[in-house]
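> This is the structure, below, for whatever I ask next.
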Amino acid sequence: MLNEVINSIVSTVGDLGYIGIIIMMFLESSFFPFPSEVVMIPAGYLASIGEMNIYIAISSGIFGAILGALFNYYLAMRLGREIILKYGKYFFMNEKKLLAIEIFFAKYGSISTFTGRLIPGIRQYISLPAGLGKMNIKLFTFYTALGAGLWVIVLALLGYFIGKNQELIQEYLHIITLLLVAFIAIIAIFYYLKNKKKNVNK
């Protein structure tokens with residue numbers, strides 16, 4: 001059975017509908033560390049019992065994530081690093097965390113806005129260095145949609161097929177996270193080798 005917290009979230013998502021998914025995924029993708037798992041898994045579960053359309057739920061989740069990422073992007077681009085550090089402490093952002101994300105972004109470049117969306121603790125903030133570096137907005141949106149889309153689909157399908165079994169969800173999330181880390185490592189190695197070859201040919 002779903003526990004009390006999940007029941008409450010399922011009820012909230014059900015009451016607010018697709019707009020609720022967009023709002024909560026916007027928060028998850030921007031300044032508020034709201035876990036996407038507690039949005040998209042219940043949405044997938046509601047789709048499995050016929051109270052939502054799985055395709056519209058997934059599209060709403062991706063749209064909300066893109067909006068939140070764009071919010072962070074423009075916030076960083078307009079306000080700059082100093083302002084983010086000054087007020088970021090109120091939203092669980094400090095200089096050490098921002099520096100780590102900036103290093104990640106500098107190391108892997110544009111592709112990091114895709115891979116970063118798949119890493120817990122980074123996905124909410126990877127838009128900040130992209131905004132500070134004034135990354136091409138079309139490329140940023142594309143990679144964000146790609147990364148957010150993959151994660152949203154995984155969560156929604158988990159909710160759709162095993163939404164009632166919380167223990168099984170945790171087990172599958174653990175396995176999926178490990179697989180995503182391996183996937184990110186492969187992309188990072190490919191990106192590194194590609195850039196190394198490019199530099200050698202210069």
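Just remember, in the structure tokens the first chain shown is A, the second B, etc., residues are 1-based per chain, and ligands are 1-based in the order shown.
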Env of stretch 41-49 of chain A: 6 Å cut, atoms = only C-alpha atoms, seq-sep filter 5 positions within chain, self excluded. Answer as an MDAnalysis selection string.
chainID A and resid 10 54 155:157 159:160 163
> Near A:Val39, counting only C-alpha atoms, which residues have an atom at most 8 Å away, once you skip same-chain residues fewer than 2 positions from it, shown as an MDAnalysis selection string?
chainID A and resid 9 13 21 24:25 35:37 41:43
> Which residue is closest to A:Lys97? Choose from A:Ser60, A:Asn72, A:Thr113, A:Gln124 and count only C-alpha atoms.
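Going through A:Ser60, A:Asn72, A:Thr113, A:Gln124 one by one, the smallest distance to A:Lys97 is for A:Gln124.
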> Between A:Leu85, A:Val154, A:Leu79, A:Ile66, which residue has the minimum interatomic distance to A:Phe114, considering only C-alpha atoms?
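Among the listed residues, the smallest separation from A:Phe114 belongs to A:Ile66.
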> For A:Pro120, which residue out of A:Trp151, A:Phe105, A:Phe63, A:Tyr74 is the nearest one, using only C-alpha atoms?
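Nearest to A:Pro120: A:Trp151.
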> Separation of atom CA of A:Ile186 and atom CA of A:Gly116, in Å?
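Taking atom CA of A:Ile186 and atom CA of A:Gly116, their separation equals 13.7 Å.
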> Applying 12 Å and only C-alpha atoms, which residues near stretch 137-144 of chain A remain after dropping the ones on its own chain fewer than 4 positions away? List them as a ChimeraX atom specification.
/A:29,62-74,77,109-118,123-133,148-152
> Write a file of the selected residues as a CSV table (one decimal), in the first residue's frame, keeping N, CA and C atoms.

chain,number,residue,atom,x,y,z
A,29,SER,N,13.1,21.9,-10.7
A,29,SER,CA,14.1,22.2,-11.6
A,29,SER,C,14.8,23.5,-11.4
A,62,ILE,N,8.1,17.2,-18.3
A,62,ILE,CA,9.2,17.8,-19.1
A,62,ILE,C,9.1,19.3,-19.3
A,63,PHE,N,7.9,19.7,-19.6
A,63,PHE,CA,7.6,21.2,-19.7
A,63,PHE,C,8.0,22.0,-18.5
A,64,GLY,N,7.5,21.4,-17.3
A,64,GLY,CA,7.8,22.1,-16.1
A,64,GLY,C,9.3,22.1,-15.8
A,65,ALA,N,10.0,21.0,-16.1
A,65,ALA,CA,11.4,21.0,-15.8
A,65,ALA,C,12.2,22.0,-16.7
A,66,ILE,N,11.7,22.1,-17.9
A,66,ILE,CA,12.4,23.1,-18.8
A,66,ILE,C,12.2,24.5,-18.3
A,67,LEU,N,10.9,24.8,-17.9
A,67,LEU,CA,10.6,26.2,-17.4
A,67,LEU,C,11.5,26.5,-16.2
A,68,GLY,N,11.6,25.5,-15.3
A,68,GLY,CA,12.4,25.7,-14.1
A,68,GLY,C,13.9,25.9,-14.4
A,69,ALA,N,14.4,25.2,-15.4
A,69,ALA,CA,15.8,25.3,-15.8
A,69,ALA,C,16.0,26.6,-16.5
A,70,LEU,N,15.1,27.1,-17.3
A,70,LEU,CA,15.2,28.4,-18.0
A,70,LEU,C,15.2,29.5,-16.9
A,71,PHE,N,14.4,29.3,-15.9
A,71,PHE,CA,14.3,30.3,-14.8
A,71,PHE,C,15.7,30.5,-14.2
A,72,ASN,N,16.3,29.4,-13.8
A,72,ASN,CA,17.7,29.4,-13.3
A,72,ASN,C,18.7,30.0,-14.2
A,73,TYR,N,18.6,29.6,-15.5
A,73,TYR,CA,19.5,30.1,-16.5
A,73,TYR,C,19.5,31.6,-16.6
A,74,TYR,N,18.3,32.2,-16.7
A,74,TYR,CA,18.1,33.7,-16.9
A,74,TYR,C,18.5,34.4,-15.5
A,77,MET,N,22.2,34.5,-15.5
A,77,MET,CA,22.7,35.4,-16.5
A,77,MET,C,22.5,36.8,-16.2
A,109,GLY,N,31.4,20.8,-20.6
A,109,GLY,CA,30.8,21.7,-21.6
A,109,GLY,C,29.3,21.6,-21.7
A,110,SER,N,28.8,21.9,-22.9
A,110,SER,CA,27.4,21.9,-23.2
A,110,SER,C,26.7,20.6,-22.8
A,111,ILE,N,27.4,19.5,-23.0
A,111,ILE,CA,26.8,18.2,-22.8
A,111,ILE,C,26.4,18.0,-21.3
A,112,SER,N,27.1,18.8,-20.4
A,112,SER,CA,26.8,18.6,-19.0
A,112,SER,C,25.4,19.1,-18.6
A,113,THR,N,24.8,19.9,-19.5
A,113,THR,CA,23.4,20.3,-19.2
A,113,THR,C,22.4,19.1,-19.5
A,114,PHE,N,22.9,18.1,-20.2
A,114,PHE,CA,22.2,16.8,-20.4
A,114,PHE,C,22.5,15.9,-19.3
A,115,THR,N,23.8,15.5,-19.1
A,115,THR,CA,24.2,14.6,-18.1
A,115,THR,C,23.9,15.0,-16.7
A,116,GLY,N,24.0,16.4,-16.5
A,116,GLY,CA,23.8,16.9,-15.2
A,116,GLY,C,22.3,16.7,-14.7
A,117,ARG,N,21.4,16.7,-15.7
A,117,ARG,CA,20.0,16.5,-15.3
A,117,ARG,C,19.7,15.1,-14.8
A,118,LEU,N,20.7,14.2,-14.9
A,118,LEU,CA,20.5,12.8,-14.5
A,118,LEU,C,21.2,12.5,-13.2
A,123,ARG,N,21.2,18.2,-10.7
A,123,ARG,CA,20.2,18.5,-11.8
A,123,ARG,C,19.5,19.8,-11.5
A,124,GLN,N,19.3,20.2,-10.2
A,124,GLN,CA,18.6,21.4,-9.9
A,124,GLN,C,19.4,22.7,-10.2
A,125,TYR,N,20.7,22.5,-10.2
A,125,TYR,CA,21.6,23.7,-10.3
A,125,TYR,C,22.5,23.7,-11.5
A,126,ILE,N,22.4,22.7,-12.4
A,126,ILE,CA,23.3,22.7,-13.6
A,126,ILE,C,23.0,23.9,-14.5
A,127,SER,N,21.8,24.5,-14.4
A,127,SER,CA,21.4,25.6,-15.2
A,127,SER,C,22.2,26.9,-14.8
A,128,LEU,N,22.7,27.0,-13.6
A,128,LEU,CA,23.3,28.2,-13.1
A,128,LEU,C,24.6,28.5,-13.9
A,129,PRO,N,25.6,27.5,-14.0
A,129,PRO,CA,26.8,27.8,-14.7
A,129,PRO,C,26.5,28.0,-16.2
A,130,ALA,N,25.5,27.4,-16.7
A,130,ALA,CA,25.1,27.6,-18.1
A,130,ALA,C,24.7,29.1,-18.3
A,131,GLY,N,23.9,29.6,-17.4
A,131,GLY,CA,23.5,31.0,-17.5
A,131,GLY,C,24.6,31.9,-17.3
A,132,LEU,N,25.5,31.6,-16.3
A,132,LEU,CA,26.6,32.5,-16.0
A,132,LEU,C,27.6,32.5,-17.3
A,133,GLY,N,27.7,31.4,-18.0
A,133,GLY,CA,28.5,31.3,-19.1
A,133,GLY,C,27.8,31.7,-20.4
A,148,ALA,N,16.0,16.0,-18.9
A,148,ALA,CA,14.8,16.0,-18.1
A,148,ALA,C,13.8,15.0,-18.6
A,149,GLY,N,13.7,14.9,-19.9
A,149,GLY,CA,12.8,13.9,-20.6
A,149,GLY,C,13.1,12.5,-20.2
A,150,LEU,N,14.4,12.1,-20.3
A,150,LEU,CA,14.8,10.8,-19.9
A,150,LEU,C,14.4,10.4,-18.5
A,151,TRP,N,14.7,11.3,-17.6
A,151,TRP,CA,14.4,11.1,-16.1
A,151,TRP,C,12.9,11.1,-15.9
A,152,VAL,N,12.2,12.0,-16.4
A,152,VAL,CA,10.7,12.1,-16.2
A,152,VAL,C,10.1,10.8,-16.7
